[in-house]
$ cat upload.cif   # mmCIF, C-alpha atoms
data_run
loop_
_atom_site.label_atom_id
_atom_site.label_comp_id
_atom_site.auth_asym_id
_atom_site.auth_seq_id
_atom_site.Cartn_x
_atom_site.Cartn_y
_atom_site.Cartn_z
CA MET A 1 -15.86 -24.85 -49.51
CA PRO A 2 -15.57 -21.03 -49.45
CA PRO A 3 -13.21 -19.62 -46.81
CA ARG A 4 -14.88 -18.66 -43.53
CA LYS A 5 -14.79 -15.03 -42.48
CA LYS A 6 -12.30 -14.31 -39.72
CA ASP A 7 -14.85 -12.87 -37.29
CA ALA A 8 -17.71 -15.15 -38.20
CA VAL A 9 -19.64 -16.58 -35.27
CA PRO A 10 -22.06 -19.52 -35.51
CA GLN A 11 -25.57 -18.14 -35.85
CA ALA A 12 -26.97 -20.42 -33.18
CA ALA A 13 -24.55 -18.96 -30.64
CA VAL A 14 -25.89 -15.41 -30.87
CA CYS A 15 -29.48 -15.67 -32.06
CA ARG A 16 -32.50 -16.37 -29.89
CA THR A 17 -36.19 -16.08 -30.61
CA ASP A 18 -38.17 -13.34 -28.91
CA GLY A 19 -39.92 -15.92 -26.81
CA THR A 20 -36.63 -17.37 -25.57
CA VAL A 21 -35.30 -13.92 -24.66
CA GLN A 22 -38.41 -13.01 -22.69
CA LYS A 23 -38.42 -16.35 -20.91
CA LYS A 24 -34.78 -15.93 -19.91
CA LYS A 25 -35.32 -12.37 -18.66
CA GLY A 26 -38.28 -13.55 -16.63
CA ALA A 27 -36.22 -16.30 -15.04
CA LEU A 28 -33.42 -13.84 -14.18
CA ALA A 29 -35.88 -11.37 -12.64
CA GLN A 30 -37.45 -14.15 -10.59
CA ALA A 31 -34.04 -15.29 -9.35
CA ARG A 32 -33.14 -11.73 -8.31
CA ALA A 33 -36.48 -11.36 -6.51
CA VAL A 34 -35.76 -14.54 -4.54
CA MET A 35 -32.25 -13.38 -3.62
CA ASN A 36 -33.54 -9.95 -2.55
CA LYS A 37 -36.03 -11.67 -0.31
CA VAL A 38 -33.39 -13.92 1.24
CA PHE A 39 -30.87 -11.08 1.59
CA PRO A 40 -32.36 -7.68 2.51
CA ALA A 41 -31.04 -4.59 0.75
CA GLU A 42 -28.52 -3.81 3.50
CA LYS A 43 -26.99 -7.30 3.20
CA SER A 44 -27.31 -7.82 -0.53
CA ALA A 45 -24.18 -8.62 -2.53
CA GLU A 46 -25.61 -6.90 -5.59
CA VAL A 47 -23.48 -4.01 -6.90
CA ARG A 48 -24.90 -1.10 -8.87
CA ILE A 49 -22.35 0.71 -11.03
CA ASP A 50 -22.77 4.46 -11.41
CA GLU A 51 -21.17 5.97 -14.50
CA SER A 52 -19.89 8.88 -12.41
CA ARG A 53 -17.43 6.46 -10.74
CA PHE A 54 -15.32 6.49 -13.89
CA LYS A 55 -14.92 10.25 -13.65
CA GLN A 56 -13.33 10.37 -10.20
CA SER A 57 -10.25 8.91 -8.57
CA HIS A 58 -10.44 5.73 -6.53
CA PRO A 59 -10.42 6.56 -2.79
CA HIS A 60 -6.75 6.63 -1.84
CA LEU A 61 -4.11 7.68 0.68
CA PRO A 62 -1.31 9.89 -0.70
CA THR A 63 2.02 8.23 0.03
CA GLY A 64 4.03 11.37 0.72
CA SER A 65 6.11 10.63 -2.38
CA ILE A 66 5.18 12.26 -5.68
CA ILE A 67 7.02 9.51 -7.55
CA ILE A 68 5.09 6.68 -5.89
CA ASP A 69 1.74 8.48 -6.19
CA PHE A 70 2.12 8.91 -9.94
CA LEU A 71 3.65 5.47 -10.41
CA ILE A 72 0.55 3.80 -8.94
CA GLY A 73 -2.13 5.82 -10.69
CA GLY A 74 -1.12 9.36 -11.49
CA ILE A 75 -1.43 9.16 -15.27
CA ALA A 76 -4.76 10.60 -16.40
CA ASN A 77 -7.18 8.09 -17.94
CA LYS A 78 -9.53 8.60 -20.89
CA GLU A 79 -11.89 10.52 -18.65
CA GLY A 80 -9.12 12.99 -17.81
CA VAL A 81 -8.81 12.01 -14.13
CA LEU A 82 -6.09 10.31 -12.12
CA PRO A 83 -7.28 6.74 -11.39
CA CYS A 84 -5.54 6.35 -8.01
CA PRO A 85 -2.61 8.66 -7.13
CA GLY A 86 -1.64 6.85 -3.93
CA PHE A 87 -2.28 3.67 -1.98
CA PRO A 88 -5.87 2.52 -2.69
CA ARG A 89 -8.33 2.41 0.19
CA GLY A 90 -10.26 -0.79 0.71
CA ARG A 91 -7.46 -2.82 -0.91
CA LEU A 92 -4.37 -4.86 -0.01
CA VAL A 93 -0.95 -3.43 -0.87
CA ASN A 94 2.19 -5.57 -0.84
CA ILE A 95 5.65 -3.94 -0.73
CA TYR A 96 8.63 -6.24 -1.07
CA GLY A 97 12.36 -5.97 -1.62
CA ALA A 98 15.81 -6.74 -0.25
CA GLU A 99 17.17 -5.28 2.96
CA SER A 100 17.80 -1.51 3.00
CA SER A 101 15.61 -0.96 -0.06
CA GLY A 102 13.26 1.54 1.59
CA LYS A 103 10.25 -0.64 2.44
CA THR A 104 9.82 0.56 6.02
CA THR A 105 10.71 4.14 5.09
CA LEU A 106 7.96 4.21 2.47
CA ALA A 107 5.45 2.64 4.87
CA LEU A 108 6.24 5.17 7.62
CA THR A 109 6.02 8.03 5.11
CA VAL A 110 2.51 6.90 4.14
CA ALA A 111 1.64 6.67 7.84
CA ALA A 112 2.92 10.21 8.47
CA GLU A 113 0.94 11.59 5.53
CA THR A 114 -2.23 9.80 6.64
CA CYS A 115 -1.95 11.11 10.19
CA ARG A 116 -1.20 14.63 8.92
CA ARG A 117 -4.49 14.57 7.02
CA GLY A 118 -6.46 13.54 10.09
CA GLY A 119 -6.49 9.75 9.60
CA GLU A 120 -5.70 6.93 12.04
CA VAL A 121 -2.95 4.35 11.58
CA LEU A 122 -2.30 0.93 13.12
CA TYR A 123 1.31 -0.28 12.85
CA ILE A 124 1.81 -3.98 13.61
CA ASP A 125 5.52 -4.46 14.28
CA TRP A 126 6.01 -8.20 14.41
CA GLU A 127 9.75 -7.67 13.92
CA HIS A 128 9.98 -5.53 17.09
CA SER A 129 12.45 -3.30 15.29
CA ILE A 130 10.81 0.05 14.53
CA ASP A 131 13.10 3.04 15.06
CA VAL A 132 10.79 5.45 16.86
CA ALA A 133 13.23 8.37 16.54
CA TYR A 134 13.42 7.87 12.77
CA ALA A 135 9.64 7.51 12.54
CA LYS A 136 9.22 10.79 14.42
CA SER A 137 11.67 12.53 12.09
CA LEU A 138 9.51 11.41 9.15
CA GLY A 139 6.50 13.10 10.70
CA VAL A 140 4.79 10.15 12.40
CA PRO A 141 3.02 11.24 15.62
CA ILE A 142 4.65 8.38 17.49
CA GLU A 143 3.54 9.67 20.93
CA ASP A 144 -0.15 10.05 20.00
CA SER A 145 -1.62 6.56 20.36
CA ASP A 146 -5.08 7.81 19.38
CA THR A 147 -3.72 8.66 15.93
CA PHE A 148 -0.80 6.26 15.52
CA LEU A 149 -1.19 2.97 17.39
CA LEU A 150 1.99 0.89 17.54
CA VAL A 151 1.63 -2.74 18.63
CA GLN A 152 4.33 -5.39 18.95
CA PRO A 153 2.49 -8.71 19.45
CA GLU A 154 4.38 -11.87 20.36
CA THR A 155 2.33 -14.17 18.16
CA LEU A 156 0.73 -14.14 14.74
CA GLU A 157 -2.73 -14.71 16.23
CA LYS A 158 -2.51 -11.66 18.53
CA GLY A 159 -1.49 -9.48 15.62
CA LEU A 160 -4.37 -10.80 13.51
CA ALA A 161 -6.76 -9.99 16.36
CA TYR A 162 -5.61 -6.37 16.34
CA LEU A 163 -5.81 -6.37 12.55
CA TRP A 164 -9.39 -7.63 12.50
CA GLY A 165 -10.69 -5.47 15.34
CA MET A 166 -9.16 -2.20 14.07
CA THR A 167 -10.27 -2.94 10.51
CA LYS A 168 -13.86 -3.41 11.60
CA ALA A 169 -13.66 -0.17 13.58
CA GLY A 170 -12.73 1.64 10.35
CA VAL A 171 -9.08 2.63 10.88
CA ASP A 172 -7.71 4.36 7.77
CA LEU A 173 -4.37 2.58 7.36
CA ILE A 174 -2.83 -0.62 8.71
CA ILE A 175 0.85 -1.45 8.17
CA ILE A 176 2.19 -4.95 8.77
CA ASP A 177 5.96 -5.18 9.27
CA SER A 178 6.45 -7.85 8.23
CA VAL A 179 4.02 -10.53 7.06
CA ALA A 180 6.48 -13.38 7.68
CA ALA A 181 7.78 -12.23 11.07
CA GLY A 182 4.83 -13.26 13.22
CA ALA A 183 5.31 -16.60 14.97
CA THR A 184 2.22 -18.75 15.43
CA THR A 185 1.12 -19.59 18.96
CA ALA A 186 2.29 -23.18 18.44
CA GLN A 187 5.73 -22.00 17.38
CA TRP A 188 5.90 -19.51 20.23
CA GLU A 189 5.14 -22.18 22.84
CA GLN A 190 7.35 -24.92 21.45
CA ALA A 191 10.83 -25.63 22.80
CA LEU A 192 13.70 -23.91 20.98
CA GLY A 193 14.97 -26.23 18.24
CA ASP A 194 11.92 -28.48 18.29
CA LYS A 195 11.30 -29.79 14.76
CA GLY A 196 7.88 -31.30 15.35
CA GLU A 197 4.68 -30.71 13.42
CA ILE A 198 3.91 -27.50 15.27
CA GLY A 199 7.10 -25.96 13.92
CA ARG A 200 6.44 -26.69 10.26
CA VAL A 201 7.18 -23.91 7.77
CA GLY A 202 3.71 -23.98 6.20
CA ALA A 203 1.90 -23.06 9.42
CA LYS A 204 2.06 -19.30 8.84
CA ALA A 205 1.33 -19.59 5.12
CA ALA A 206 -1.79 -21.62 5.88
CA LYS A 207 -2.92 -19.05 8.45
CA TRP A 208 -2.54 -16.16 6.01
CA SER A 209 -4.22 -18.08 3.18
CA GLU A 210 -7.23 -18.70 5.41
CA TYR A 211 -7.34 -15.17 6.85
CA LEU A 212 -6.78 -12.86 3.85
CA PRO A 213 -10.04 -13.67 1.98
CA GLN A 214 -12.04 -12.71 5.08
CA LEU A 215 -9.91 -9.60 5.57
CA LYS A 216 -10.42 -8.47 1.95
CA ALA A 217 -14.19 -8.47 2.36
CA MET A 218 -13.95 -6.45 5.57
CA ILE A 219 -11.54 -3.77 4.31
CA ALA A 220 -13.67 -3.29 1.20
CA ARG A 221 -16.57 -2.41 3.50
CA THR A 222 -14.65 -0.12 5.87
CA ASN A 223 -12.39 1.48 3.22
CA THR A 224 -9.24 0.53 5.16
CA CYS A 225 -5.92 0.33 3.32
CA VAL A 226 -3.78 -2.59 4.50
CA VAL A 227 -0.07 -2.57 3.61
CA GLY A 228 1.99 -5.73 4.07
CA ILE A 229 5.81 -5.67 3.91
CA SER A 230 7.66 -8.75 2.61
CA GLN A 231 11.36 -9.50 2.30
CA LEU A 232 13.23 -11.24 -0.44
CA ARG A 233 15.01 -14.53 0.18
CA ALA A 234 17.48 -16.46 -1.94
CA LYS A 235 16.10 -19.58 -3.59
CA ILE A 236 17.86 -22.80 -2.71
CA ASP A 237 18.97 -24.70 -5.80
CA THR A 238 18.67 -28.34 -4.75
CA GLY A 239 18.95 -30.65 -7.69
CA TYR A 240 18.63 -30.95 -11.44
CA ASN A 241 16.40 -28.51 -13.36
CA ARG A 242 15.25 -26.57 -10.29
CA GLY A 243 15.51 -23.10 -11.82
CA GLY A 244 19.02 -22.14 -10.82
CA GLY A 245 18.48 -20.21 -7.58
CA GLY A 246 17.42 -16.57 -7.81
CA GLU A 247 15.21 -14.63 -5.39
CA THR A 248 11.68 -14.99 -4.09
CA THR A 249 9.49 -13.44 -1.42
CA THR A 250 9.24 -15.34 1.85
CA GLN A 251 6.84 -18.24 1.45
CA GLN A 252 5.71 -17.94 5.08
CA GLY A 253 2.76 -15.78 4.12
CA GLY A 254 4.42 -13.99 1.21
CA TRP A 255 2.73 -16.04 -1.51
CA ALA A 256 -0.75 -15.48 -0.08
CA TRP A 257 -0.10 -11.76 -0.20
CA LYS A 258 1.17 -12.09 -3.74
CA PHE A 259 -2.12 -13.63 -4.85
CA TYR A 260 -4.57 -11.45 -2.90
CA SER A 261 -2.99 -7.98 -3.12
CA GLU A 262 -4.34 -5.45 -5.64
CA VAL A 263 -1.13 -3.41 -5.69
CA ARG A 264 2.22 -5.18 -5.52
CA MET A 265 5.36 -3.08 -5.68
CA SER A 266 9.01 -4.07 -5.59
CA LEU A 267 11.73 -1.78 -4.26
CA ARG A 268 15.36 -2.27 -5.18
CA LYS A 269 18.40 -0.16 -4.27
CA ILE A 270 20.21 0.61 -7.52
CA MET A 271 22.88 3.01 -6.23
CA THR A 272 24.38 4.34 -3.00
CA GLU A 273 24.98 8.07 -3.07
CA LYS A 274 27.97 9.59 -1.31
CA GLY A 275 28.61 13.02 0.10
CA LYS A 276 30.89 14.90 2.45
CA ARG A 277 30.00 14.87 6.12
CA HIS A 278 31.72 15.63 9.39
CA ASP A 279 33.21 12.61 11.13
CA PRO A 280 33.00 13.12 14.92
CA ILE A 281 35.60 10.41 15.54
CA THR A 282 38.43 11.89 13.48
CA HIS A 283 37.03 15.44 13.62
CA THR A 284 37.47 15.76 9.86
CA THR A 285 35.27 15.99 6.78
CA ILE A 286 35.06 12.63 5.02
CA GLU A 287 33.23 11.18 2.03
CA THR A 288 30.61 8.69 3.15
CA ALA A 289 27.31 7.15 2.09
CA VAL A 290 24.45 9.63 2.58
CA GLY A 291 21.54 7.95 0.81
CA ASN A 292 20.17 5.50 -1.74
CA VAL A 293 18.65 5.68 -5.18
CA VAL A 294 15.71 3.24 -5.19
CA LEU A 295 13.88 1.77 -8.17
CA ALA A 296 10.19 1.10 -7.60
CA LYS A 297 8.43 -1.24 -10.02
CA MET A 298 4.74 -2.07 -10.27
CA ASP A 299 4.53 -5.86 -10.52
CA LYS A 300 0.77 -5.88 -10.09
CA CYS A 301 -1.82 -3.10 -10.18
CA LYS A 302 -5.60 -3.52 -10.31
CA VAL A 303 -6.50 0.13 -9.70
CA SER A 304 -4.87 1.70 -12.78
CA ALA A 305 -3.03 0.83 -15.99
CA SER A 306 0.43 1.15 -14.45
CA GLN A 307 1.44 -2.51 -14.26
CA GLY A 308 5.03 -2.98 -15.41
CA ARG A 309 5.96 0.69 -15.02
CA ASP A 310 8.90 1.74 -12.86
CA ALA A 311 10.44 4.93 -11.51
CA LYS A 312 13.32 5.93 -9.27
CA PHE A 313 13.25 8.04 -6.12
CA TYR A 314 15.74 9.11 -3.47
CA ILE A 315 16.13 8.27 0.22
CA VAL A 316 18.42 10.30 2.47
CA TYR A 317 19.76 8.50 5.54
CA GLY A 318 18.09 9.81 8.67
CA GLU A 319 15.70 12.07 6.74
CA GLY A 320 13.61 9.76 4.58
CA ILE A 321 12.30 10.20 1.03
CA ASP A 322 13.72 13.27 -0.72
CA ASP A 323 10.55 14.41 -2.47
CA THR A 324 11.92 17.90 -3.05
CA ARG A 325 14.73 16.64 -5.25
CA SER A 326 12.37 14.49 -7.30
CA LEU A 327 10.03 17.42 -7.90
CA ILE A 328 12.88 19.75 -8.90
CA GLU A 329 14.21 17.18 -11.38
CA MET A 330 10.74 16.80 -12.91
CA ALA A 331 10.32 20.59 -13.12
CA SER A 332 13.76 20.91 -14.70
CA SER A 333 13.02 18.26 -17.34
CA ARG A 334 9.89 20.24 -18.33
CA GLY A 335 11.61 23.63 -18.46
CA LEU A 336 9.84 24.99 -15.38
CA VAL A 337 13.24 25.28 -13.71
CA LYS A 338 16.11 26.36 -15.93
CA LYS A 339 19.32 24.40 -15.50
CA GLY A 340 22.62 25.65 -16.89
CA GLY A 341 25.67 23.72 -15.78
CA ALA A 342 25.41 23.48 -12.00
CA TRP A 343 23.05 26.47 -11.73
CA TYR A 344 19.28 26.20 -11.16
CA THR A 345 16.96 29.15 -11.86
CA PHE A 346 13.27 29.44 -11.07
CA GLU A 347 11.27 32.45 -12.28
CA ARG A 348 8.28 33.08 -10.04
CA SER A 349 4.92 34.43 -11.12
CA ASP A 350 5.71 37.84 -9.57
CA GLY A 351 8.80 38.20 -11.77
CA THR A 352 11.40 37.49 -9.08
CA PHE A 353 14.10 34.85 -9.53
CA ILE A 354 15.58 32.15 -7.32
CA LYS A 355 19.02 31.18 -8.61
CA SER A 356 21.41 28.80 -6.85
CA GLN A 357 24.45 26.70 -7.63
CA GLY A 358 23.96 23.00 -7.01
CA MET A 359 20.89 20.95 -6.12
CA GLU A 360 21.33 21.19 -2.34
CA SER A 361 21.68 24.98 -2.38
CA PHE A 362 18.67 25.36 -4.67
CA LYS A 363 16.57 23.11 -2.41
CA LYS A 364 17.42 25.20 0.65
CA ASP A 365 16.82 28.54 -1.10
CA ILE A 366 13.45 27.57 -2.58
CA GLN A 367 12.25 26.13 0.74
CA ASN A 368 13.40 29.19 2.70
CA THR A 369 11.69 31.63 0.33
CA PRO A 370 8.07 32.16 1.48
CA GLY A 371 5.58 30.68 -1.00
CA ALA A 372 8.22 29.60 -3.54
CA TRP A 373 8.08 25.87 -2.83
CA GLU A 374 4.27 25.79 -2.93
CA GLU A 375 4.28 27.66 -6.24
CA LEU A 376 6.82 25.33 -7.86
CA GLN A 377 5.02 22.27 -6.53
CA GLY A 378 1.69 23.44 -7.95
CA ILE A 379 2.90 24.14 -11.49
CA ALA A 380 5.09 21.01 -11.58
CA LEU A 381 2.21 18.73 -10.57
CA GLU A 382 -0.07 20.44 -13.06
CA ALA A 383 2.42 19.89 -15.87
CA LEU A 384 3.10 16.31 -14.79
CA LYS A 385 -0.48 15.09 -14.94
CA GLY A 386 -2.04 17.55 -17.36
CA THR A 387 -5.28 17.61 -15.35
CA PRO A 388 -6.41 19.36 -12.16
CA PHE A 389 -5.27 17.41 -9.11
CA SER A 390 -8.25 16.23 -7.08
CA GLU A 391 -7.98 13.84 -4.19
CA THR A 392 -11.11 12.02 -3.12
CA GLU A 393 -11.95 12.75 0.47
CA ASP A 394 -14.23 9.74 0.87
CA LEU A 395 -14.47 8.63 4.47
CA PRO A 396 -15.24 5.05 5.50
CA PRO A 397 -18.99 4.42 5.45
CA GLU A 398 -20.79 4.50 8.75
CA ASP A 399 -21.10 0.97 10.10
CA ASP A 400 -23.01 -0.58 12.94
CA PHE A 401 -20.08 -1.13 15.27
CA GLU A 402 -20.81 -3.09 18.38
CA ALA A 403 -17.91 -3.15 20.83
CA ASP A 404 -19.00 -6.36 22.55
CA GLU A 405 -19.41 -8.13 19.21
CA THR A 406 -15.96 -7.10 17.98
CA LEU A 407 -14.36 -7.97 21.33
CA SER A 408 -15.83 -11.44 21.00
CA GLU A 409 -14.42 -11.81 17.50
CA VAL A 410 -10.98 -10.56 18.55
CA LEU A 411 -10.79 -12.91 21.50
CA SER A 412 -11.96 -15.74 19.27
CA ILE A 413 -9.00 -15.13 16.96
CA LEU A 414 -6.66 -15.08 19.95
CA ASP A 415 -8.06 -18.47 20.85
CA GLY A 416 -7.21 -19.79 17.39
CA GLY A 417 -10.67 -19.55 15.92
CA SER A 418 -12.10 -17.80 12.87
CA PRO A 419 -13.68 -14.32 12.97
CA ASP A 420 -16.98 -15.88 11.91
CA ARG A 421 -16.90 -18.34 14.82
CA ALA A 422 -16.88 -15.86 17.69
CA VAL A 423 -17.44 -17.08 21.24
CA PRO A 424 -19.75 -15.26 23.68
CA THR A 425 -17.86 -12.83 25.88
CA GLU A 426 -19.48 -14.18 29.05
CA GLU A 427 -17.75 -17.52 28.47
CA LEU A 428 -14.29 -15.97 28.41
CA GLU A 429 -11.92 -16.05 31.36
CA PHE A 430 -8.99 -13.66 31.62
CA GLU A 431 -5.69 -14.51 33.21
CA ASP A 432 -3.04 -12.13 34.45
#

$ encode --input "upload.cif" --output "structure tokens"
Amino acid sequence: MPPRKKDAVPQAAVCRTDGTVQKKKGALAQARAVMNKVFPAEKSAEVRIDESRFKQSHPHLPTGSIIIDFLIGGIANKEGVLPCPGFPRGRLVNIYGAESSGKTTLALTVAAETCRRGGEVLYIDWEHSIDVAYAKSLGVPIEDSDTFLLVQPETLEKGLAYLWGMTKAGVDLIIIDSVAAGATTAQWEQALGDKGEIGRVGAKAAKWSEYLPQLKAMIARTNTCVVGISQLRAKIDTGYNRGGGGETTTQQGGWAWKFYSEVRMSLRKIMTEKGKRHDPITHTTIETAVGNVVLAKMDKCKVSASQGRDAKFYIVYGEGIDDTRSLIEMASSRGLVKKGGAWYTFERSDGTFIKSQGMESFKKDIQNTPGAWEELQGIALEALKGTPFSETEDLPPEDDFEADETLSEVLSILDGGSPDRAVPTEELEFED
């Protein structure tokens, strides 16, 4: 028997008669006509793809960190555009890592950038541990509840009610800190130390697994970006051939986020940086820790081809992400800033020079010189991506928002029900 060609396909699998093709097309058209009759155009699940979508960035929220923006989707695609330079709108984002790895700092930086651009942010602090002074130093309008709404619910269900109601209203960004910190109503009401069924570990995981599919459909419609923060825990090695310990995200909701998120990023502190600072106790100058070098890695990305990529960025204690240093390092590596020994030199377009010894001095000089920082930032970003930087300014689509309807849904969730099984508001009784 002669050898079969490598790409040969059975003829019956690809060939149909003209009559069969026409019959099949007719059946498909009839099925679509039936579905369009059952579901009107405004409720149809049918999606029409416009070729122009491939020539523009996915709607996104800049993170406030150049490194993170370009790690997610800042590399130009075949069409010459940046797929998604920031956190994608209408998608779930999961940030996880060990303690002091920059998870909350990154989330607050995104919140500050969103509010600065005129967006609204909901911050669900189930851990009851947000540092409002630090958040304000990062640029978060912590005192403006119309722009930045901070809630600290006692139970998981109350937090989910806020999450659902604000998502349907079209808030731009929702941050959940953290996904495993919310206690269910049953756990909240049980006696301390009770080990009954209501205190089982899987209660929160089951709640998230049930809730996230509904949430994904809603945020896709309102263009809301939802960011969930997860911590790492040590695996318990209990027996033969169990994998030998290691680390994992919290299973109390963490695994559901792992499966349903479109962008999943790990943060890990790889070095603690030290510097000289004044010690008010001894009234002397001492060497102490001043910041961290953090490695961000894309474990999962469904908005660009950046899965598996990683990059490092800097966090200064009390000040947040040092984006200036990252940009200067990128400009220096491309010859836009000349570096000789400890000296940095930047030649401006008007022929003047900014020359300083040391990174910190150069940062201060370039920021204190009018227009210098904006000029360096513009040419560095242009060289980094190789294409004009264009952010999509897509706003959430207008939706028929009925306050009474959403109130009913929110109260239904508080009562332990599903958003789709809302109870009439007239049947509700409020207690002080």

$ closest_residue --input "upload.cif" --among "A:Pro85, A:Pro280, A:Gly102, A:Gly318" --to "Leu138 in chain A" --atoms "all atoms listed in the file"
A:Gly318

$ atom_distance --input "upload.cif" --atom1 "CA of Leu160 in chain A" --atom2 "CA of Glu120 in chain A"
17.8 Å

$ resolve_selection --input "upload.cif" --expression "the PyMOL selection byres ((chain A and resi 171) around 9)" --output "VMD selection string"
chain A and resid 119 to 122 166 to 170 172 to 174 222 to 225 396

$ residues_around --input "upload.cif" --residues "Ser129 in chain A" --least-positions-apart "3" --cutoff "10 Å" --atoms "all atoms listed in the file" --output "list in words"
Asp125, Trp126, Val132, Gln152 and Asp177 of chain A

$ residues_around --input "upload.cif" --residues "Ile130 in chain A" --least-positions-apart "5" --cutoff "12 Å" --atoms "only C-alpha atoms" --output "PyMOL selection string"
chain A and resi 104-105+107-108+123-125+135-136+140+142+150-152+175-178

$ closest_residue --input "upload.cif" --among "A:Ala133, A:Val263, A:Ile95, A:Ala342" --to "Ser306 in chain A" --atoms "all atoms listed in the file"
A:Val263

$ residues_around --input "upload.cif" --residues "Arg277 in chain A" --least-positions-apart "2" --cutoff "9 Å" --atoms "all atoms listed in the file" --output "list in words"
Gly275, Asp279, Thr284, Thr285, Ile286, Glu287, Thr288 and Val290 of chain A

$ resolve_selection --input "upload.cif" --expression "the PyMOL selection byres ((chain A and resi 329) around 12)" --output "mmCIF file with C-alpha atoms, keeping the file's coordinate frame"
data_model
loop_
_atom_site.group_PDB
_atom_site.id
_atom_site.type_symbol
_atom_site.label_atom_id
_atom_site.label_comp_id
_atom_site.auth_asym_id
_atom_site.auth_seq_id
_atom_site.Cartn_x
_atom_site.Cartn_y
_atom_site.Cartn_z
ATOM 1 C CA ILE A 66 5.180 12.260 -5.680
ATOM 2 C CA ILE A 67 7.020 9.510 -7.550
ATOM 3 C CA LYS A 312 13.320 5.930 -9.270
ATOM 4 C CA PHE A 313 13.250 8.040 -6.120
ATOM 5 C CA TYR A 314 15.740 9.110 -3.470
ATOM 6 C CA ASP A 322 13.720 13.270 -0.720
ATOM 7 C CA ASP A 323 10.550 14.410 -2.470
ATOM 8 C CA THR A 324 11.920 17.900 -3.050
ATOM 9 C CA ARG A 325 14.730 16.640 -5.250
ATOM 10 C CA SER A 326 12.370 14.490 -7.300
ATOM 11 C CA LEU A 327 10.030 17.420 -7.900
ATOM 12 C CA ILE A 328 12.880 19.750 -8.900
ATOM 13 C CA MET A 330 10.740 16.800 -12.910
ATOM 14 C CA ALA A 331 10.320 20.590 -13.120
ATOM 15 C CA SER A 332 13.760 20.910 -14.700
ATOM 16 C CA SER A 333 13.020 18.260 -17.340
ATOM 17 C CA ARG A 334 9.890 20.240 -18.330
ATOM 18 C CA GLY A 335 11.610 23.630 -18.460
ATOM 19 C CA LEU A 336 9.840 24.990 -15.380
ATOM 20 C CA VAL A 337 13.240 25.280 -13.710
ATOM 21 C CA LYS A 338 16.110 26.360 -15.930
ATOM 22 C CA LYS A 339 19.320 24.400 -15.500
ATOM 23 C CA TYR A 344 19.280 26.200 -11.160
ATOM 24 C CA MET A 359 20.890 20.950 -6.120
ATOM 25 C CA PHE A 362 18.670 25.360 -4.670
ATOM 26 C CA LYS A 363 16.570 23.110 -2.410
ATOM 27 C CA LEU A 376 6.820 25.330 -7.860
ATOM 28 C CA GLN A 377 5.020 22.270 -6.530
ATOM 29 C CA ALA A 380 5.090 21.010 -11.580
ATOM 30 C CA LEU A 384 3.100 16.310 -14.790
#

$ atom_distance --input "upload.cif" --atom1 "CA of Val93 in chain A" --atom2 "CA of Val227 in chain A"
4.6 Å

$ atom_distance --input "upload.cif" --atom1 "CA of Asn36 in chain A" --atom2 "CA of Leu212 in chain A"
27.7 Å

$ closest_residue --input "upload.cif" --among "A:Ala76, A:Val34, A:Leu381, A:Ala98" --to "Gln231 in chain A" --atoms "all atoms listed in the file"
A:Ala98

$ resolve_selection --input "upload.cif" --expression "the PyMOL selection byres ((chain A and resi 353) around 12)" --output "list of chain:residue names"
A:Val337, A:Lys338, A:Tyr344, A:Thr345, A:Phe346, A:Glu347, A:Arg348, A:Ser349, A:Asp350, A:Gly351, A:Thr352, A:Ile354, A:Lys355, A:Ser356, A:Phe362, A:Asp365, A:Ile366, A:Thr369, A:Ala372

$ closest_residue --input "upload.cif" --among "A:Trp188, A:Tyr162, A:Phe39, A:Tyr96" --to "Ser266 in chain A" --atoms "only C-alpha atoms"
A:Tyr96

$ residues_around --input "upload.cif" --residues "Gly182 in chain A" --least-positions-apart "4" --cutoff "8 Å" --atoms "all atoms listed in the file" --output "list in words"
Trp126, Glu127, Glu154, Thr155, Leu156, Gly159, Ser178 and Lys204 of chain A

$ closest_residue --input "upload.cif" --among "A:Glu113, A:Ala27, A:Lys302, A:Trp257" --to "Ser65 in chain A" --atoms "only C-alpha atoms"
A:Glu113

$ closest_residue --input "upload.cif" --among "A:Val294, A:Lys103, A:Ala305, A:Glu360" --to "Trp343 in chain A" --atoms "only C-alpha atoms"
A:Glu360

$ decode --input "upload.cif" --residues "range 335-340 of chain A" --atoms "N, CA and C atoms" --output "CSV table (one decimal), in the first residue's frame"
chain,number,residue,atom,x,y,z
A,335,GLY,N,19.2,54.3,24.9
A,335,GLY,CA,20.1,55.4,24.5
A,335,GLY,C,19.4,56.7,24.5
A,336,LEU,N,18.2,56.8,25.0
A,336,LEU,CA,17.5,58.1,25.1
A,336,LEU,C,18.1,58.9,26.2
A,337,VAL,N,18.5,58.3,27.2
A,337,VAL,CA,19.3,58.9,28.3
A,337,VAL,C,20.6,58.3,28.4
A,338,LYS,N,21.7,59.1,28.3
A,338,LYS,CA,23.0,58.6,28.3
A,338,LYS,C,23.5,58.4,29.8
A,339,LYS,N,24.1,57.2,30.0
A,339,LYS,CA,24.5,56.9,31.3
A,339,LYS,C,26.0,56.6,31.3
A,340,GLY,N,26.8,57.3,32.0
A,340,GLY,CA,28.2,57.1,32.1
A,340,GLY,C,28.7,57.1,33.6
